[in-house]
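Containing compact mmCIF, C-alpha atoms: my_file_3.txt.
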# COMPACT_ATOMS: atom_id res chain seq x y z
CA MET A 671 -8.01 155.99 -99.54
CA THR A 672 -4.72 157.86 -99.94
CA ASP A 673 -3.29 159.77 -102.86
CA LEU A 674 -1.18 156.67 -103.64
CA VAL A 675 -4.30 154.85 -104.81
CA PRO A 676 -5.80 155.71 -108.24
CA PRO A 677 -9.02 157.67 -107.86
CA GLN A 678 -12.32 156.00 -108.76
CA VAL A 679 -13.34 157.66 -112.01
CA GLY A 680 -15.58 156.74 -114.95
CA SER A 681 -14.65 154.52 -117.86
CA ALA A 682 -14.14 157.36 -120.33
CA THR A 683 -11.50 158.99 -118.13
CA VAL A 684 -9.64 155.73 -117.65
CA LEU A 685 -9.71 154.91 -121.35
CA ARG A 686 -8.32 158.32 -122.26
CA GLY A 687 -5.48 157.69 -119.84
CA TYR A 688 -5.00 154.19 -121.27
CA ALA A 689 -4.68 155.56 -124.80
CA ASP A 690 -2.15 158.15 -123.66
CA ALA A 691 0.00 155.98 -121.38
CA MET A 692 -0.16 152.37 -122.51
CA ILE A 693 1.67 150.72 -125.42
CA ASN A 694 -1.07 149.69 -127.82
CA ALA A 695 -0.42 145.95 -127.67
CA PHE A 696 -4.01 144.95 -126.93
CA GLY A 697 -6.16 147.47 -128.80
CA THR A 698 -8.82 149.51 -127.07
CA PRO A 699 -10.12 147.81 -123.90
CA LYS A 700 -13.77 146.80 -124.14
CA ARG A 701 -14.56 147.80 -120.55
CA VAL A 702 -12.90 149.22 -117.43
CA PHE A 703 -13.54 146.85 -114.55
CA VAL A 704 -13.13 148.06 -110.98
CA ARG A 705 -14.55 145.35 -108.73
CA GLY A 706 -15.37 141.65 -108.66
CA GLU A 707 -17.16 139.32 -106.29
CA GLY A 708 -17.70 135.65 -106.99
CA CYS A 709 -18.72 135.37 -110.65
CA GLN A 710 -19.85 138.98 -110.94
CA VAL A 711 -17.75 142.01 -111.97
CA TRP A 712 -18.60 145.71 -112.11
CA ASP A 713 -17.30 148.34 -114.50
CA ALA A 714 -16.26 151.88 -113.70
CA ASP A 715 -19.73 153.14 -114.61
CA GLY A 716 -21.49 150.83 -112.18
CA ARG A 717 -22.74 148.17 -114.63
CA ARG A 718 -22.66 144.53 -113.49
CA TYR A 719 -21.57 141.57 -115.63
CA THR A 720 -21.56 137.79 -115.21
CA ASP A 721 -18.01 136.61 -115.78
CA LEU A 722 -18.07 133.57 -118.05
CA LEU A 723 -14.41 133.90 -119.07
CA SER A 724 -12.53 134.09 -115.73
CA GLY A 725 -9.90 136.43 -117.10
CA LEU A 726 -9.09 133.83 -119.79
CA ALA A 727 -9.49 130.77 -117.54
CA VAL A 728 -7.56 132.32 -114.65
CA ASN A 729 -10.08 133.08 -111.88
CA ALA A 730 -10.98 129.48 -111.10
CA LEU A 731 -12.47 130.50 -107.76
CA GLY A 732 -14.06 133.70 -109.02
CA HIS A 733 -13.24 137.17 -107.77
CA ALA A 734 -12.12 138.14 -104.27
CA HIS A 735 -12.28 134.60 -102.93
CA PRO A 736 -11.88 134.91 -99.14
CA THR A 737 -9.50 131.96 -98.74
CA VAL A 738 -7.14 133.24 -101.42
CA LEU A 739 -7.32 136.77 -100.04
CA ALA A 740 -6.50 135.56 -96.53
CA ALA A 741 -3.57 133.50 -97.79
CA ILE A 742 -2.09 136.32 -99.86
CA THR A 743 -2.47 139.06 -97.27
CA GLY A 744 -1.23 136.81 -94.49
CA GLN A 745 1.90 135.83 -96.41
CA LEU A 746 2.59 139.33 -97.69
CA SER A 747 2.39 140.71 -94.17
CA THR A 748 4.90 138.08 -93.02
CA LEU A 749 7.43 137.55 -95.83
CA GLY A 750 6.89 138.80 -99.37
CA HIS A 751 10.02 137.86 -101.31
CA VAL A 752 13.47 136.39 -100.72
CA SER A 753 14.88 135.50 -104.22
CA ASN A 754 15.71 132.00 -105.36
CA PHE A 755 19.01 132.02 -103.48
CA PHE A 756 16.78 130.93 -100.60
CA ALA A 757 13.76 128.69 -99.97
CA THR A 758 10.45 129.35 -98.25
CA PRO A 759 7.99 126.89 -96.68
CA ALA A 760 5.22 128.08 -99.02
CA GLN A 761 7.30 127.44 -102.13
CA VAL A 762 8.22 123.92 -101.05
CA ALA A 763 4.69 123.09 -99.89
CA LEU A 764 3.20 124.07 -103.24
CA ALA A 765 5.87 122.11 -105.12
CA GLN A 766 5.13 119.06 -103.00
CA ARG A 767 1.40 119.38 -103.59
CA LEU A 768 1.88 119.69 -107.35
CA THR A 769 4.18 116.69 -107.46
CA GLU A 770 1.53 114.68 -105.61
CA LEU A 771 -0.94 115.60 -108.33
CA ALA A 772 1.43 114.91 -111.22
CA GLY A 773 3.29 111.85 -109.98
CA GLU A 774 5.64 111.02 -107.17
CA ASP A 775 8.83 111.40 -109.22
CA ALA A 776 7.93 114.86 -110.53
CA ARG A 777 9.89 118.05 -109.83
CA VAL A 778 8.76 121.66 -110.19
CA PHE A 779 10.21 124.87 -111.63
CA PHE A 780 8.09 127.92 -110.77
CA THR A 781 7.48 130.82 -113.14
CA ASN A 782 5.21 133.85 -113.35
CA SER A 783 3.12 132.86 -116.37
CA GLY A 784 2.27 130.14 -118.83
CA SER A 785 4.63 131.48 -121.47
CA GLU A 786 7.48 131.37 -118.99
CA ALA A 787 6.54 127.83 -117.98
CA ASN A 788 6.76 126.85 -121.65
CA GLU A 789 10.10 128.64 -121.98
CA ALA A 790 11.42 126.52 -119.12
CA ALA A 791 10.11 123.35 -120.75
CA PHE A 792 11.63 124.42 -124.08
CA LYS A 793 15.03 124.75 -122.43
CA ILE A 794 14.65 121.37 -120.76
CA THR A 795 14.08 119.77 -124.17
CA ARG A 796 17.40 121.23 -125.37
CA MET A 797 19.17 119.49 -122.51
CA THR A 798 18.36 116.16 -124.18
CA GLY A 799 21.03 116.94 -126.77
CA ARG A 800 18.40 117.18 -129.50
CA SER A 801 16.85 120.40 -130.83
CA ARG A 802 13.95 119.40 -133.08
CA ILE A 803 10.42 119.78 -131.71
CA VAL A 804 7.12 118.61 -133.16
CA ALA A 805 4.11 120.81 -132.40
CA ALA A 806 0.52 120.90 -133.63
CA GLU A 807 -1.26 123.02 -136.16
CA GLY A 808 -3.66 125.35 -134.37
CA SER A 809 -1.47 125.39 -131.28
CA PHE A 810 -0.97 128.32 -128.92
CA HIS A 811 1.83 128.20 -126.35
CA GLY A 812 2.47 131.90 -125.65
CA ARG A 813 4.04 134.99 -127.15
CA THR A 814 7.57 135.04 -125.79
CA MET A 815 10.06 134.12 -128.49
CA GLY A 816 10.54 130.48 -127.53
CA ALA A 817 6.85 129.85 -126.86
CA LEU A 818 5.99 131.71 -130.05
CA ALA A 819 8.22 129.35 -132.03
CA LEU A 820 5.84 126.55 -130.98
CA THR A 821 2.69 128.56 -131.69
CA HIS A 822 1.22 127.82 -135.09
CA ASN A 823 -0.79 130.92 -136.03
CA PRO A 824 1.17 132.89 -138.68
CA LYS A 825 -0.49 136.11 -137.49
CA TYR A 826 1.42 135.82 -134.23
CA ARG A 827 4.63 134.33 -135.69
CA ASP A 828 5.44 136.09 -138.91
CA PRO A 829 6.19 139.63 -137.60
CA PHE A 830 8.88 138.18 -135.31
CA ALA A 831 10.62 135.70 -137.62
CA PRO A 832 13.15 134.19 -137.50
CA LEU A 833 12.07 132.38 -134.35
CA PRO A 834 14.22 130.02 -132.29
CA GLY A 835 14.05 126.31 -132.68
CA ASP A 836 13.66 123.63 -135.29
CA VAL A 837 9.89 123.11 -135.15
CA THR A 838 7.72 120.86 -137.31
CA PHE A 839 3.95 121.34 -137.24
CA VAL A 840 1.56 118.44 -137.79
CA PRO A 841 -2.26 118.29 -137.96
CA TYR A 842 -3.73 118.23 -134.44
CA GLY A 843 -5.44 115.00 -133.52
CA ASP A 844 -3.88 112.98 -136.36
CA ALA A 845 -1.84 110.23 -134.73
CA ASP A 846 -0.60 108.91 -138.10
CA ALA A 847 0.78 112.33 -139.04
CA LEU A 848 2.45 112.57 -135.65
CA ALA A 849 4.02 109.13 -136.06
CA ALA A 850 5.34 110.12 -139.49
CA ALA A 851 6.92 113.31 -138.15
CA VAL A 852 8.67 111.87 -135.08
CA ASP A 853 12.01 110.13 -135.38
CA ASP A 854 15.12 109.73 -133.27
CA THR A 855 16.13 113.39 -133.87
CA VAL A 856 13.08 114.79 -132.07
CA ALA A 857 13.67 116.23 -128.62
CA ALA A 858 10.00 116.59 -127.75
CA VAL A 859 6.43 116.60 -128.93
CA VAL A 860 4.41 119.44 -127.42
CA LEU A 861 0.61 119.23 -127.40
CA GLU A 862 -2.34 120.86 -125.67
CA PRO A 863 -4.80 118.24 -124.36
CA ILE A 864 -7.52 120.61 -125.63
CA GLN A 865 -6.63 123.48 -127.97
CA GLY A 866 -8.16 126.52 -126.30
CA GLU A 867 -7.04 129.41 -128.49
CA ASN A 868 -7.92 127.38 -131.60
CA GLY A 869 -11.55 127.24 -130.53
CA ILE A 870 -11.76 124.56 -127.81
CA VAL A 871 -10.72 121.70 -130.08
CA VAL A 872 -10.77 118.27 -128.41
CA PRO A 873 -8.63 115.58 -130.08
CA PRO A 874 -9.96 112.09 -130.80
CA ALA A 875 -9.92 109.61 -127.93
CA GLY A 876 -6.59 107.84 -127.75
CA TYR A 877 -4.59 110.65 -129.38
CA LEU A 878 -2.56 111.54 -126.30
CA ALA A 879 -1.94 107.86 -125.57
CA ALA A 880 -0.69 107.45 -129.14
CA ALA A 881 1.57 110.48 -128.68
CA ARG A 882 2.97 108.86 -125.54
CA GLU A 883 3.68 105.62 -127.38
CA ILE A 884 5.27 107.40 -130.36
CA THR A 885 7.55 109.59 -128.25
CA ALA A 886 8.59 106.68 -126.04
CA ARG A 887 9.51 104.66 -129.13
CA HIS A 888 11.94 107.36 -130.28
CA GLY A 889 13.29 108.53 -126.93
CA SER A 890 11.55 111.89 -127.28
CA LEU A 891 9.90 113.83 -124.47
CA LEU A 892 6.12 114.22 -124.36
CA TRP A 893 5.35 117.76 -123.21
CA LEU A 894 1.73 118.60 -122.46
CA ASP A 895 0.81 122.28 -122.26
CA GLU A 896 -1.91 122.44 -119.60
CA VAL A 897 -1.64 126.20 -119.12
CA GLN A 898 -5.33 126.65 -119.95
CA THR A 899 -6.71 123.15 -119.33
CA GLY A 900 -5.04 122.38 -116.00
CA ILE A 901 -6.08 122.94 -112.36
CA GLY A 902 -9.63 121.69 -112.78
CA ARG A 903 -10.66 123.65 -115.84
CA ALA A 904 -11.51 120.51 -117.85
CA GLY A 905 -12.84 118.56 -114.85
CA GLU A 906 -9.57 116.93 -113.75
CA TRP A 907 -6.48 118.38 -112.11
CA PHE A 908 -4.84 117.87 -115.51
CA ALA A 909 -6.88 117.36 -118.67
CA HIS A 910 -4.56 114.59 -119.87
CA SER A 911 -5.57 112.47 -116.86
CA ALA A 912 -8.71 111.51 -118.79
CA GLU A 913 -6.45 109.32 -120.97
CA SER A 914 -4.27 108.06 -118.11
CA VAL A 915 -1.18 109.36 -119.90
CA THR A 916 2.06 110.09 -118.05
CA PRO A 917 3.99 112.83 -119.88
CA ASP A 918 7.57 113.94 -119.29
CA LEU A 919 6.74 117.65 -119.01
CA ILE A 920 3.59 119.47 -117.90
CA THR A 921 3.22 123.24 -118.00
CA ILE A 922 0.53 125.01 -115.98
CA ALA A 923 -0.35 128.56 -115.00
CA LYS A 924 -3.72 130.23 -115.50
CA GLY A 925 -5.93 128.65 -112.86
CA LEU A 926 -3.19 128.09 -110.31
CA GLY A 927 -3.07 131.52 -108.67
CA ASN A 928 -6.67 132.70 -109.17
CA GLY A 929 -5.31 135.94 -110.58
CA PHE A 930 -2.04 136.11 -108.67
CA PRO A 931 0.69 135.56 -111.31
CA ILE A 932 2.22 132.10 -111.07
CA GLY A 933 3.08 129.29 -113.46
CA ALA A 934 5.03 126.08 -113.23
CA CYS A 935 6.89 123.57 -115.34
CA LEU A 936 6.62 120.05 -113.95
CA ALA A 937 9.18 117.50 -115.11
CA LEU A 938 8.66 113.79 -114.48
CA GLY A 939 11.07 110.89 -114.41
CA PRO A 940 14.49 111.40 -116.03
CA ALA A 941 13.36 114.76 -117.46
CA ALA A 942 13.31 116.11 -113.91
CA GLY A 943 17.10 115.90 -113.80
CA LEU A 944 17.90 117.72 -117.03
CA LEU A 945 18.09 121.28 -115.67
CA GLN A 946 21.12 121.92 -113.52
CA PRO A 947 22.09 124.88 -111.28
CA GLY A 948 22.65 127.93 -113.44
CA SER A 949 20.93 126.58 -116.56
CA HIS A 950 17.69 128.48 -115.93
CA GLY A 951 16.26 131.01 -113.48
CA SER A 952 13.44 133.36 -112.48
CA THR A 953 13.59 136.31 -110.12
CA PHE A 954 9.97 136.09 -108.99
CA GLY A 955 9.18 132.43 -109.74
CA GLY A 956 8.12 130.62 -106.57
CA ASN A 957 7.61 133.86 -104.69
CA PRO A 958 6.02 132.88 -101.34
CA VAL A 959 2.98 135.08 -101.92
CA ALA A 960 2.29 133.43 -105.28
CA ALA A 961 2.96 130.05 -103.70
CA VAL A 962 0.36 130.51 -100.94
CA ALA A 963 -2.11 131.70 -103.55
CA GLY A 964 -1.55 128.42 -105.40
CA LEU A 965 -1.88 126.40 -102.20
CA ALA A 966 -5.13 128.18 -101.38
CA VAL A 967 -6.54 127.50 -104.83
CA LEU A 968 -5.65 123.81 -104.75
CA GLY A 969 -7.03 123.50 -101.24
CA VAL A 970 -10.37 125.10 -102.08
CA ILE A 971 -10.78 123.06 -105.26
CA GLU A 972 -10.24 119.88 -103.26
CA ARG A 973 -12.28 120.97 -100.21
CA ASP A 974 -15.28 122.15 -102.23
CA GLY A 975 -15.33 119.32 -104.77
CA LEU A 976 -14.78 121.69 -107.71
CA LEU A 977 -13.39 119.03 -110.04
CA GLU A 978 -16.72 117.27 -109.83
CA ARG A 979 -18.49 120.62 -110.08
CA SER A 980 -16.54 121.48 -113.24
CA ARG A 981 -17.58 118.23 -114.88
CA ALA A 982 -21.23 118.39 -113.81
CA ALA A 983 -21.76 122.08 -114.56
CA GLY A 984 -19.93 121.81 -117.87
CA ASP A 985 -22.02 118.85 -119.02
CA ARG A 986 -25.22 120.56 -117.90
CA LEU A 987 -24.21 123.74 -119.75
CA ALA A 988 -23.39 121.86 -122.95
CA ASP A 989 -26.70 120.00 -122.82
CA ALA A 990 -28.62 123.24 -122.29
CA LEU A 991 -26.87 124.96 -125.19
CA ALA A 992 -27.48 122.00 -127.49
CA ALA A 993 -31.14 121.92 -126.44
CA LEU A 994 -31.57 125.45 -127.79
CA ALA A 995 -31.36 123.89 -131.27
CA HIS A 996 -30.59 127.34 -132.63
CA PRO A 997 -29.83 127.32 -136.37
CA LEU A 998 -26.61 129.29 -135.85
CA ILE A 999 -25.20 126.80 -133.32
CA ALA A 1000 -23.37 124.03 -135.16
CA GLN A 1001 -21.77 122.30 -132.18
CA VAL A 1002 -20.85 122.66 -128.51
CA ARG A 1003 -17.48 121.13 -127.69
CA GLY A 1004 -14.99 120.96 -124.86
CA ARG A 1005 -14.83 119.37 -121.42
CA GLY A 1006 -15.59 120.55 -117.91
CA LEU A 1007 -16.02 124.30 -117.78
CA LEU A 1008 -14.00 124.94 -120.93
CA ARG A 1009 -16.55 125.02 -123.73
CA GLY A 1010 -16.66 126.26 -127.29
CA ILE A 1011 -19.90 127.17 -129.04
CA VAL A 1012 -19.21 126.60 -132.74
CA LEU A 1013 -21.36 128.83 -134.96
CA ASN A 1014 -22.45 128.34 -138.54
CA ALA A 1015 -21.17 131.79 -139.50
CA PRO A 1016 -18.08 133.92 -138.71
CA ILE A 1017 -19.96 136.26 -136.36
CA ALA A 1018 -18.44 135.22 -133.04
CA ALA A 1019 -16.71 138.55 -132.39
CA ALA A 1020 -19.93 140.49 -132.94
CA VAL A 1021 -21.91 138.08 -130.74
CA SER A 1022 -19.25 138.36 -128.04
CA ASP A 1023 -19.55 142.15 -128.11
CA ALA A 1024 -23.33 141.91 -127.95
CA ALA A 1025 -23.05 139.55 -124.99
CA LEU A 1026 -20.86 142.10 -123.21
CA ASP A 1027 -23.47 144.78 -123.83
CA ALA A 1028 -26.04 142.40 -122.35
CA GLY A 1029 -23.91 141.81 -119.23
CA PHE A 1030 -22.00 138.59 -120.03
CA VAL A 1031 -18.21 138.35 -120.38
CA ILE A 1032 -17.22 135.78 -123.02
CA ASN A 1033 -14.80 135.90 -125.96
CA ALA A 1034 -14.32 134.71 -129.53
CA PRO A 1035 -11.04 132.82 -130.01
CA ARG A 1036 -11.97 132.03 -133.62
CA PRO A 1037 -14.28 133.85 -136.06
CA ASP A 1038 -16.91 131.12 -135.64
CA VAL A 1039 -16.34 130.05 -132.02
CA LEU A 1040 -17.48 131.53 -128.71
CA ARG A 1041 -15.42 130.51 -125.66
CA LEU A 1042 -16.91 129.95 -122.20
CA ALA A 1043 -14.52 129.41 -119.27
CA PRO A 1044 -16.44 130.56 -116.19
CA PRO A 1045 -15.18 130.24 -112.61
CA LEU A 1046 -15.48 126.70 -111.28
CA ILE A 1047 -17.76 128.04 -108.54
CA ILE A 1048 -20.37 129.37 -110.96
CA SER A 1049 -23.97 128.56 -110.10
CA ASP A 1050 -26.50 126.86 -112.34
CA ALA A 1051 -28.61 130.03 -112.20
CA GLU A 1052 -25.74 132.16 -113.52
CA LEU A 1053 -25.14 129.75 -116.40
CA ASP A 1054 -28.86 129.53 -117.11
CA GLY A 1055 -29.02 133.31 -117.44
CA PHE A 1056 -26.55 133.19 -120.31
CA VAL A 1057 -28.24 130.22 -121.99
CA ALA A 1058 -31.54 132.09 -121.89
CA ALA A 1059 -29.98 135.23 -123.38
CA LEU A 1060 -27.97 133.52 -126.14
CA PRO A 1061 -30.78 132.98 -128.69
CA GLY A 1062 -31.57 136.69 -128.65
CA LEU A 1063 -27.90 137.56 -129.13
CA LEU A 1064 -27.65 135.16 -132.07
CA ASP A 1065 -30.94 136.25 -133.63
CA ALA A 1066 -29.74 139.84 -133.68
CA HIS A 1067 -26.90 138.76 -135.98
CA GLU A 1068 -28.65 136.08 -137.97
CA ALA A 1069 -29.69 138.48 -140.71
CA ALA A 1070 -26.08 139.49 -141.24
CA ALA A 1071 -24.86 135.89 -141.27

Conversion result in structure tokens:
Amino acid sequence: MTDLVPPQVGSATVLRGYADAMINAFGTPKRVFVRGEGCQVWDADGRRYTDLLSGLAVNALGHAHPTVLAAITGQLSTLGHVSNFFATPAQVALAQRLTELAGEDARVFFTNSGSEANEAAFKITRMTGRSRIVAAEGSFHGRTMGALALTHNPKYRDPFAPLPGDVTFVPYGDADALAAAVDDTVAAVVLEPIQGENGIVVPPAGYLAAAREITARHGSLLWLDEVQTGIGRAGEWFAHSAESVTPDLITIAKGLGNGFPIGACLALGPAAGLLQPGSHGSTFGGNPVAAVAGLAVLGVIERDGLLERSRAAGDRLADALAALAHPLIAQVRGRGLLRGIVLNAPIAAAVSDAALDAGFVINAPRPDVLRLAPPLIISDAELDGFVAALPGLLDAHEAAA
């Protein structure tokens, strides 16, 4: 270790430094993590935790995956960055792989995050000559100004109004409401195949297919935000594949780089030709190091059968949670390894904190919903450990409910 590397110190020291040096955009961190391996992470005081959140659905292959590490270090030691005036083999190879997954006439624009992928898609919709967008109540598409304009929660929106765009919100999952809101002035309809931030809300079967039919009827783009649900999280490469829907725009990010920042906007069919040279850009988007990270992730998911693993482990987890028959558990919803435990009382934040104290990383996207998004490599034993602990965590809060 050299003096260029931060010293290994305890959590209290790090948190004092955090409070002094960081803009307080996230509140006080709940823990200081210093190391991860597989589905386990360790804090600065030596305590171990089972990671059931994957850094908000990012670490699809867990922590310190050897294939991703080898890809990143190998690329970084060869060629780290060249700007988008030039191309690299890694960038093109990842784009080709993603287009294979999305459809043969797809094209890719690389970004650094999901919000940026949605910004790119937002700009593509403007190139249709229309400006109106229809989004869903309960939606979350990011916190940059364009993405925020499509995000429904007033808590996130109101401090930054006025926001760009002409956006109409409709009830999520209501095809009739969507049909009533879309006309020939609408540039695009943007939907999440499963609403993650809203508490892992799955729409009724046929909803995405109806959205495809409605948008096609009016010449509007169908834009599916797969930032959280894509890259195997819901048991398919893209969650919308379960309905055999072909959208015009797909945005992805979280699971693609396994922690290395990368996102992408995929445009299919005529939408792929809407952006022209100079109409959008990204300094780091498609960086070769990020690109090889994405290639490594896709390769491991395919090699190790992790789409099937996501489906099987997710179904097994949901069955086990339902079998608890705990009076505070109202419902378990979601697909693959993206699951929401709906509670009968608004105690999810307190239960999430108690779980952390007990050695399990989860979160509470809604007051009455716990979110589980573990790495796709998680073992049955690791999931069983949480299922066994959950009744005790709920019982501790039942009196207050």

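If you measure from each of A:Val1039, A:Leu833, A:Leu926, A:Leu919 to Ala857 in chain A using only C-alpha atoms, the closest one turns out to be A:Leu919.
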
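The space separating CA of Asp895 in chain A from CA of Ile920 in chain A comes to 5.9 Å.
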
Inset, instruction - Can you work out which one of A:Asn868, A:Asn823, A:Thr921, A:Thr885 has the shortest atom-to-atom distance to Ala909 in chain A, counting only C-alpha atoms? - result: A:Thr921

Legend entry - Contacts of Ala912 in chain A within 10 Å, all atoms listed in the file, excl. fewer than 6 positions in-chain, as a list in words: Pro863, Ala875, Gly876, Leu878, Ala904, Gly905 and Glu906 of chain A

Legend entry - Distance in Å - CA of Ile922 in chain A versus CA of Leu977 in chain A: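 We find that CA of Ile922 in chain A and CA of Leu977 in chain A lie 16.3 Å from each other.
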
Inset, instruction - Tell me which protein, DNA and RNA residues are within 10 Å of Gly812 in chain A, counting all atoms listed in the file, leaving out same-chain ones fewer than 5 positions away, and put them as a list in words. - result: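 Everything that qualifies: Ser783, Gly784, Ser785, Glu786, Ala787, Asn788, Glu789, Ala817, Leu818, Ala819, Leu820, Thr821, Tyr826 and Val897 of chain A.
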
Closest pair table for range 680-795 of chain A residues within 12 Å of range 994-1010 of chain A, only C-alpha atoms, as JSON lines:
{"residue": "A:Leu722", "atom": "CA", "partner": "A:Leu1007", "partner_atom": "CA", "distance": 9.5}
{"residue": "A:Leu723", "atom": "CA", "partner": "A:Leu1008", "partner_atom": "CA", "distance": 9.2}
{"residue": "A:Ser724", "atom": "CA", "partner": "A:Leu1007", "partner_atom": "CA", "distance": 10.6}
{"residue": "A:Leu726", "atom": "CA", "partner": "A:Leu1008", "partner_atom": "CA", "distance": 10.2}
{"residue": "A:Ala727", "atom": "CA", "partner": "A:Leu1008", "partner_atom": "CA", "distance": 8.1}
{"residue": "A:Val728", "atom": "CA", "partner": "A:Leu1008", "partner_atom": "CA", "distance": 11.6}
{"residue": "A:Ala730", "atom": "CA", "partner": "A:Leu1007", "partner_atom": "CA", "distance": 9.8}

Restrict the selected residues to C-alpha atoms and save them as an mmCIF file, in the coordinates of the input.
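The result, written out as again-v6.cif:
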data_model
loop_
_atom_site.group_PDB
_atom_site.id
_atom_site.type_symbol
_atom_site.label_atom_id
_atom_site.label_comp_id
_atom_site.auth_asym_id
_atom_site.auth_seq_id
_atom_site.Cartn_x
_atom_site.Cartn_y
_atom_site.Cartn_z
ATOM 1 C CA LEU A 722 -18.070 133.570 -118.050
ATOM 2 C CA LEU A 723 -14.410 133.900 -119.070
ATOM 3 C CA SER A 724 -12.530 134.090 -115.730
ATOM 4 C CA LEU A 726 -9.090 133.830 -119.790
ATOM 5 C CA ALA A 727 -9.490 130.770 -117.540
ATOM 6 C CA VAL A 728 -7.560 132.320 -114.650
ATOM 7 C CA ALA A 730 -10.980 129.480 -111.100
#

Legend entry - Separation of CA of Gly900 in chain A from CA of Asp844 in chain A, in Å and rounded to one decimal: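 Here the two named atoms are 22.5 Å from each other.
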
Inset, instruction - Counting only C-alpha atoms, write as number ranges by chain all protein and nucleic acid residues lying at most 12 Å from (-17.0, 158.5, -117.3) in the file's frame. - result: A: 678-687, 701-702, 713-716

Inset, instruction - Excluding Thr798 in chain A and any residue of its chain fewer than 5 positions from it, enumerate the residues within 10 Å of it, using all atoms listed in the file, and give them as a list in words. - result: Lys793, Val856, Ala857, Ala858, Gly889, Ser890, Leu891, Ala941, Leu944 and Leu945 of chain A
